[in-house]
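Let me begin by presenting the structure, written as structure tokens, before commenting on it.
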Amino acid sequence: MGNYKRMLAFFCALMMTAGCLSAAVSVDADALEISVEASKTQDRTAYYTGNFTLTGNYVDDYLSVARAQLGRRTNDLHYSEAWCANFVNDCARLTGMPDNIIPYNYSLRASCYYLYTYMLSECNAKKIDDPADLQAGDLVFYYCPSSNFYLHVGIVDTPGRFLLEGNYSDQVRLLNFDYNYQCYMHYGAGTNFESGHVKRLYLRPNYGCKATKSSVSYDPDTYEKPTATLSYAEKEMTYHNGAGYVQAVLNQLGFDAEITKAYDLQTVKAVMSYQTSRGLLPTGVVDEALLVSLENEWTVLKTPIADTITLDKTEYNYYDTIELSAKTRNADKVQLVIKKDNMQTVIDGEKVSLYADSLGEGDYTAYFRVSNKYMTIDTNSVNFSIEFVAPTPTYLSAKGGDTFGCSVFDWTDSQYAVTYTLTVTDIDTGSTTEFEDIIDSYFSYKLPEGSYKASVRAINKIGVQTSDECLISVREGSPLDLGDSFYAVMSIDGSGICAQDEKAVRGSEADASSKWYFKRASNGSYTIKNCYTGEMLTLTEKCGVKLSPRTGTAVQDWYIGRNDSGFLIMPVKMTSRTLCANGSVTTRTPNGKAGERVDLKMIAPVHNYTIESYSAPGRNREGSVTYICSISGDKYTRSLPALGVETPETPDATDTPDTPDLPEASHSQSSDSFTIGDISGDGYVTTEDALYALRFTVDIIKLDAKAQLAGDVNIDLDVNSADAMTILRYSIGANTSPFIGRKIISL
């Protein structure tokens with residue numbers, strides 16, 4: 001039987017050789033291939049001619065590589081098996097295209113059948129039914145339907161004209177497109193296209209595929225482990241004996257080894273890098289000891305791991321949310337297992353939120369089950385209980401307000417309450433209004449003038465708790481009018497509201513920055529300016545309070561109303577809020593609890609000037625200085641006598657002079673500028689200047705006009721003991737004035 005096959009093969013080859021003409025003439029012959037076991041080890045690209053140029057266009061490059069091999073024979077390319085499919089594969093490899101277009105690393109790569117089916121299932125290739133639709137670069141397969149046998153494969157060079165085929169009569173040939181393929185190997189004479197025993201099947205590779213690496217498995221357990229030592233053999237790379245396993249493990253451990261299933265040069269470099277990092281001799285050889293090391297590390301790495309889970313508490317009511325999570329690694333599936341009595345609930349996910357209401361009352365145990373294809377582990381378990389409890393009692397209080405302060409209702413928090421309902425009844429008319437679904441234990445609402453009774457209900461689905469009724473009296477009226485303007489210390493609960501770093505904060509009532517200037521506008525509101533900084537209370541977007549310069553907008557306008565024995569300070573932009581203080585000063589938020597009764601302690605006007613302009617006096621001319629009041633904005637201009645001219649005494653600081661004059665100085669300064677605090681004119685503010693100020697205060701010495709200007713470090717239009725003390729503190733580094741040390745230059 002073997003002799004018969006060899007004779008038949010020889011006869012077929014002889015007939016194929018006799019029938020093959022040049023590509024330019026008609027060909028009528030068979031394409032007999034040597035029938036040996038197909039193998040994926042037949043990569044012979046090292047023997048292909050490199051007489052081609054790659055452009056990056058996969059189709060053009062594919063044809064260029066194939067055409068460059070025309071005329072080359074089996075011995076030239078070193079194939080040892082039927083190699084038409086190998087030729088299709090190796091031409092694709094040399095273009096650099098990814099092998100998910102035309103594969104070149106796959107099992108049974110010399111099998112035409114396997115190439116056809118693999119490209120359809122794995123490479124998104126497209127069947128072409130009409131030869132008129134063919135394009136250059138498509139593949140043509142020769143197929144016997146009777147035996148379901150794939151005979152041969154080639155490449156469409158020019159649609160309708162030429163085909164490029166490897167292993168045609170033992171060489172790479174360019175053939176006429178319509179040659180009559182015959183196969184004597186299976187059905188004898190007449191088994192050709194005309195008889196219908198041989199058909200062409202066409203595939204179009206997915207040349208538009210992104211140039212990415214083909215999809216390969218990075219799971220070491222999908223590959224066989226090496227059975228012998230692996231080392232790099234130049235040119236003839238092998239695809240067996242576990243190279244893929246080594247590459248996959250190295251990738252899992254963070255070393256760059258492309259999975260080619262060949263122990264190639266890149267893999268050798270990755271092995272040497274691994275050996276170096278583990279303190280081993282970098283030989284680049286995978287022997288038994290190195291293989292054991294790789295297997296041990298992979299075993300640890302593939303074990304699924306989950307962190308311990310915890311709960312924020314162990315007892316829940318029906319409205320609570322129970323959150324459980326576990327951070328996992330190497331897990332294909334994560335499930336939360338919840339057990340109660342003999343019942344078990346399984347929920348997918350490593351982070352799960354559960355409503356206690358959906359589980360029901362009872363005692364529970366929960367843990368995560370983490371698994372992959374290698375093993376399954378359970379985390380630690382946690383225990384919790386769910387009990388549906390009714391709300392606890394609550395107590396309601398109410399505060400009377402005016403039109404702007406409305407009425408403020410405040411009640412104690414009820415444990416386990418989900419919402420509250422406030423009921424308000426007009427005592428005179430008996431009409432009742434209910435406000436439902438209140439989340440916070442605070443509510444404000446504008447009520448008409450009258451007498452009311454109110455109660456609040458704390459509610460959850462288990463029960464209701466109703467507070468005792470409280471009585472409230474509401475006074476109708478306009479915003480309080482405390483005068484066109486006044487000065488006052490503002491305080492809440494005995495703590496002054498002070499200016500600090502552009503913020504209003506709680507502090508001492510004695511602090512200079514606790515003094516405020518109120519100025520009434522035509523709409524009945526007040527602007528409130530700090531006497532120390534000159535900046536105004538301003539409502540922020542988030543309903544807090546800050547200090548900022550005057551902007552002329554409604555966020556700096558405030559109403560004043562009554563609150564028991566004190567006042568309510570309400571922003572015009574949001575009259576349901578009130579100025580209150582907790583750790584800092586802010587307007588009340590819906591769930592705010594801080595005090596809101598403001599005490600306004602009236603005080604005498606506070607002078608707080610800044611020097612706007614200064615013109616130094618000379619021998620034959622007068623000078624002048626203009627002050628501007630940072631509180632009222634009024635300006636005062638005073639004349640400074642020519643040097644050597646005496647002037648009347650300075651008026652008392654509590655007066656508000658139109659043109660305040662200063663007495664003639666006896667301690668002269670001659671420059672056209674001066675520094676506030678530098679009375680002596682020596683360019684420094686020292687204890688000597690404090691002594692000058694103190695002596696001037698008790699009439700021991702006299703100061704000229706410029707010396708008095710320099711000595712008025714508080715800018716209150718007077719030089720007195722307070723200035724002397726401020727200068728003394730400044731000289732020892734304890735500055736208490738924003739003006740001292742500032743240089744004033746003449747215009």
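Lettering and numbering for the structure tokens are positional, with chains as A, B, ... in the shown order, residues counted from 1 in each chain, and ligands counted from 1 in the shown order.
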Per residue of stretch 468-509 of chain A within 10 Å of stretch 593-609 of chain A, what are the shortest atom pair and its distance in Å to one decimal, counting only C-alpha atoms, with rows by chain and residue number, as JSON lines?
{"residue": "A:Ser485", "atom": "CA", "partner": "A:Pro605", "partner_atom": "CA", "distance": 9.9}
{"residue": "A:Phe486", "atom": "CA", "partner": "A:Met602", "partner_atom": "CA", "distance": 7.4}
{"residue": "A:Tyr487", "atom": "CA", "partner": "A:Ile603", "partner_atom": "CA", "distance": 5.5}
{"residue": "A:Ala488", "atom": "CA", "partner": "A:Met602", "partner_atom": "CA", "distance": 4.2}
{"residue": "A:Val489", "atom": "CA", "partner": "A:Lys601", "partner_atom": "CA", "distance": 5.0}
{"residue": "A:Met490", "atom": "CA", "partner": "A:Leu600", "partner_atom": "CA", "distance": 5.0}
{"residue": "A:Ser491", "atom": "CA", "partner": "A:Asp599", "partner_atom": "CA", "distance": 5.2}
{"residue": "A:Ile492", "atom": "CA", "partner": "A:Val598", "partner_atom": "CA", "distance": 5.0}
{"residue": "A:Asp493", "atom": "CA", "partner": "A:Gly595", "partner_atom": "CA", "distance": 7.2}
{"residue": "A:Gly494", "atom": "CA", "partner": "A:Asp599", "partner_atom": "CA", "distance": 8.2}
{"residue": "A:Ser495", "atom": "CA", "partner": "A:Asp599", "partner_atom": "CA", "distance": 9.6}
{"residue": "A:Gly496", "atom": "CA", "partner": "A:Asp599", "partner_atom": "CA", "distance": 9.1}
{"residue": "A:Ile497", "atom": "CA", "partner": "A:Val598", "partner_atom": "CA", "distance": 9.4}
{"residue": "A:Glu509", "atom": "CA", "partner": "A:Lys601", "partner_atom": "CA", "distance": 9.7}
**Message:** Set the distance at 7 Å and use only C-alpha atoms: which residues neighbour A:Tyr143 once local chain neighbours fewer than 3 positions away are removed? I'd like the list as a PyMOL selection string.
**Reply:** chain A and resi 149-151+198-200
**Asked** By how many Å are atom CA of A:Phe141 and atom CA of A:Glu81 apart?
**Response** 18.0 Å
**Request:** Could you give me, as a PyMOL selection string, the residues within 12 Å of A:Tyr207, counting only C-alpha atoms and dropping anything in the same chain fewer than 5 positions from it?
**Result:** chain A and resi 56-62+92+95+97-103+123-126+135-138+212
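In this comparison, which uses only C-alpha atoms, the residue of A:Ser721, A:Asn167, A:Asn714, A:Asn296 approaching A:Val249 most closely is A:Asn296.
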**Prompt:** Quick one, how far is atom CA of A:Ser273 from atom CA of A:Arg329?
**Reply:**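 Computing the Euclidean distance for atom CA of A:Ser273 and atom CA of A:Arg329 yields 25.2 Å.
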**Those of stretch 38-232 of chain A in DSSP strand (DSSP E), formatted as number ranges by chain** = A: 126-128, 139-144, 149-158, 162-168, 171-176, 199-204
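Residues in contact with A:Pro304 at 9 Å, where only C-alpha atoms are counted and same-chain residues fewer than 2 positions away are skipped, are listed as Val300, Leu301, Lys302, Ala306, Thr328, Arg329, Asn330, Ala331, Asp332, Val370, Ser371, Asn372, Tyr374, Met375, Thr376 and Ile377 of chain A.
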**Request:** Return the single residue from A:Val286, A:Ala417, A:Leu253, A:Val382 that is closest to A:Ile309, with distances computed using only C-alpha atoms.
**Result:**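 Counting only C-alpha atoms, the residue closest to A:Ile309 is A:Val382.
Summary of the local environment: counting only C-alpha atoms, residues at most 12 Å from A:Leu294, other than itself and those fewer than 5 positions away along its chain, are Pro220, Lys225, Pro226, Tyr245, Val246, Gln247, Ala248, Val249, Leu250, Asn251, Gln252, Leu253, Phe255, Val271, Tyr274, Gln275, Arg278, Val286, Asp287, Glu288, Ala289, Thr299, Val300 and Leu301 of chain A.
Of the listed residues (A:Ser111, A:Ser80, A:Thr117, A:Thr158), A:Thr158 comes nearest to A:Leu134; the distances count only C-alpha atoms.
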**Request:** Report the distance between atom CA of A:Ala228 and atom CA of A:Glu295 in Å, rounded to one decimal place.
**Result:**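 Value for the atom CA of A:Ala228-atom CA of A:Glu295 distance: 14.9 Å.
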Shell of 6 Å around A:Gly166, only C-alpha atoms, local chain residues under 2 positions omitted, as an mmCIF file with N, CA and C atoms, in the first residue's frame:
data_model
loop_
_atom_site.group_PDB
_atom_site.id
_atom_site.type_symbol
_atom_site.label_atom_id
_atom_site.label_comp_id
_atom_site.auth_asym_id
_atom_site.auth_seq_id
_atom_site.Cartn_x
_atom_site.Cartn_y
_atom_site.Cartn_z
ATOM 1 N N CYS A 84 2.091 25.141 1.406
ATOM 2 C CA CYS A 84 1.313 26.253 0.839
ATOM 3 C C CYS A 84 0.734 27.132 1.942
ATOM 4 N N PHE A 87 3.446 29.114 3.650
ATOM 5 C CA PHE A 87 3.826 30.269 2.842
ATOM 6 C C PHE A 87 2.894 31.452 3.128
ATOM 7 N N TYR A 168 3.474 25.236 -5.251
ATOM 8 C CA TYR A 168 2.889 24.802 -6.506
ATOM 9 C C TYR A 168 4.025 24.241 -7.354
ATOM 10 N N GLN A 171 7.438 25.023 -5.783
ATOM 11 C CA GLN A 171 8.011 26.362 -5.786
ATOM 12 C C GLN A 171 6.905 27.406 -5.622
ATOM 13 N N VAL A 172 7.322 28.698 -5.479
ATOM 14 C CA VAL A 172 6.391 29.819 -5.429
ATOM 15 C C VAL A 172 6.125 30.251 -6.859
#
**Asked** If we count only C-alpha atoms, what is near A:Ala454 at a cut-off of 10 Å, once residues fewer than 3 positions away on the same chain are taken out, given as an NGL selection string?
**Response** :A and (396-398 or 409 or 422-427 or 432-434 or 467-472)
Could you write those residues out with N, CA, C and O atoms, as an mmCIF file, in the first residue's frame?
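So result.cif came out as:
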data_model
loop_
_atom_site.group_PDB
_atom_site.id
_atom_site.type_symbol
_atom_site.label_atom_id
_atom_site.label_comp_id
_atom_site.auth_asym_id
_atom_site.auth_seq_id
_atom_site.Cartn_x
_atom_site.Cartn_y
_atom_site.Cartn_z
ATOM 1 N N LEU A 396 -40.788 69.676 71.957
ATOM 2 C CA LEU A 396 -40.856 70.827 71.052
ATOM 3 C C LEU A 396 -40.795 72.127 71.835
ATOM 4 O O LEU A 396 -41.437 72.278 72.871
ATOM 5 N N SER A 397 -39.996 73.063 71.328
ATOM 6 C CA SER A 397 -40.014 74.435 71.857
ATOM 7 C C SER A 397 -40.208 75.367 70.676
ATOM 8 O O SER A 397 -39.965 75.006 69.529
ATOM 9 N N ALA A 398 -40.670 76.591 70.935
ATOM 10 C CA ALA A 398 -40.910 77.549 69.867
ATOM 11 C C ALA A 398 -40.516 78.926 70.336
ATOM 12 O O ALA A 398 -40.611 79.258 71.522
ATOM 13 N N PHE A 409 -39.208 76.833 65.232
ATOM 14 C CA PHE A 409 -39.589 75.668 66.013
ATOM 15 C C PHE A 409 -38.371 74.762 66.133
ATOM 16 O O PHE A 409 -37.722 74.434 65.137
ATOM 17 N N LEU A 422 -44.809 68.600 61.713
ATOM 18 C CA LEU A 422 -45.100 69.710 62.626
ATOM 19 C C LEU A 422 -46.540 70.155 62.400
ATOM 20 O O LEU A 422 -46.955 70.394 61.265
ATOM 21 N N THR A 423 -47.296 70.256 63.492
ATOM 22 C CA THR A 423 -48.688 70.702 63.420
ATOM 23 C C THR A 423 -48.818 72.033 64.149
ATOM 24 O O THR A 423 -48.439 72.140 65.323
ATOM 25 N N VAL A 424 -49.336 73.064 63.452
ATOM 26 C CA VAL A 424 -49.514 74.402 64.027
ATOM 27 C C VAL A 424 -50.994 74.763 63.932
ATOM 28 O O VAL A 424 -51.583 74.702 62.841
ATOM 29 N N THR A 425 -51.594 75.134 65.074
ATOM 30 C CA THR A 425 -53.028 75.454 65.122
ATOM 31 C C THR A 425 -53.229 76.880 65.599
ATOM 32 O O THR A 425 -52.647 77.297 66.620
ATOM 33 N N ASP A 426 -54.003 77.661 64.833
ATOM 34 C CA ASP A 426 -54.366 79.021 65.232
ATOM 35 C C ASP A 426 -55.415 78.917 66.337
ATOM 36 O O ASP A 426 -56.515 78.382 66.129
ATOM 37 N N ILE A 427 -55.075 79.412 67.533
ATOM 38 C CA ILE A 427 -55.965 79.271 68.684
ATOM 39 C C ILE A 427 -57.270 80.022 68.469
ATOM 40 O O ILE A 427 -58.349 79.563 68.873
ATOM 41 N N THR A 432 -55.797 74.523 61.280
ATOM 42 C CA THR A 432 -54.571 73.770 61.531
ATOM 43 C C THR A 432 -53.776 73.605 60.235
ATOM 44 O O THR A 432 -54.355 73.331 59.173
ATOM 45 N N THR A 433 -52.465 73.765 60.329
ATOM 46 C CA THR A 433 -51.559 73.552 59.193
ATOM 47 C C THR A 433 -50.524 72.512 59.587
ATOM 48 O O THR A 433 -49.966 72.576 60.690
ATOM 49 N N GLU A 434 -50.316 71.543 58.696
ATOM 50 C CA GLU A 434 -49.313 70.510 58.961
ATOM 51 C C GLU A 434 -48.161 70.629 57.963
ATOM 52 O O GLU A 434 -48.375 70.855 56.771
ATOM 53 N N SER A 467 -45.032 65.015 70.542
ATOM 54 C CA SER A 467 -44.579 65.860 71.648
ATOM 55 C C SER A 467 -45.763 66.545 72.323
ATOM 56 O O SER A 467 -46.880 66.566 71.785
ATOM 57 N N ASP A 468 -45.509 67.104 73.505
ATOM 58 C CA ASP A 468 -46.508 67.954 74.137
ATOM 59 C C ASP A 468 -46.678 69.218 73.315
ATOM 60 O O ASP A 468 -45.778 69.633 72.572
ATOM 61 N N GLU A 469 -47.853 69.872 73.467
ATOM 62 C CA GLU A 469 -48.087 71.119 72.752
ATOM 63 C C GLU A 469 -47.351 72.262 73.430
ATOM 64 O O GLU A 469 -47.195 72.279 74.652
ATOM 65 N N CYS A 470 -46.899 73.196 72.623
ATOM 66 C CA CYS A 470 -46.336 74.428 73.183
ATOM 67 C C CYS A 470 -47.077 75.607 72.568
ATOM 68 O O CYS A 470 -47.643 75.501 71.477
ATOM 69 N N LEU A 471 -47.114 76.725 73.296
ATOM 70 C CA LEU A 471 -47.825 77.923 72.859
ATOM 71 C C LEU A 471 -46.835 78.923 72.292
ATOM 72 O O LEU A 471 -45.699 79.048 72.771
ATOM 73 N N ILE A 472 -47.282 79.681 71.294
ATOM 74 C CA ILE A 472 -46.419 80.669 70.660
ATOM 75 C C ILE A 472 -47.254 81.881 70.297
ATOM 76 O O ILE A 472 -48.399 81.753 69.857
#
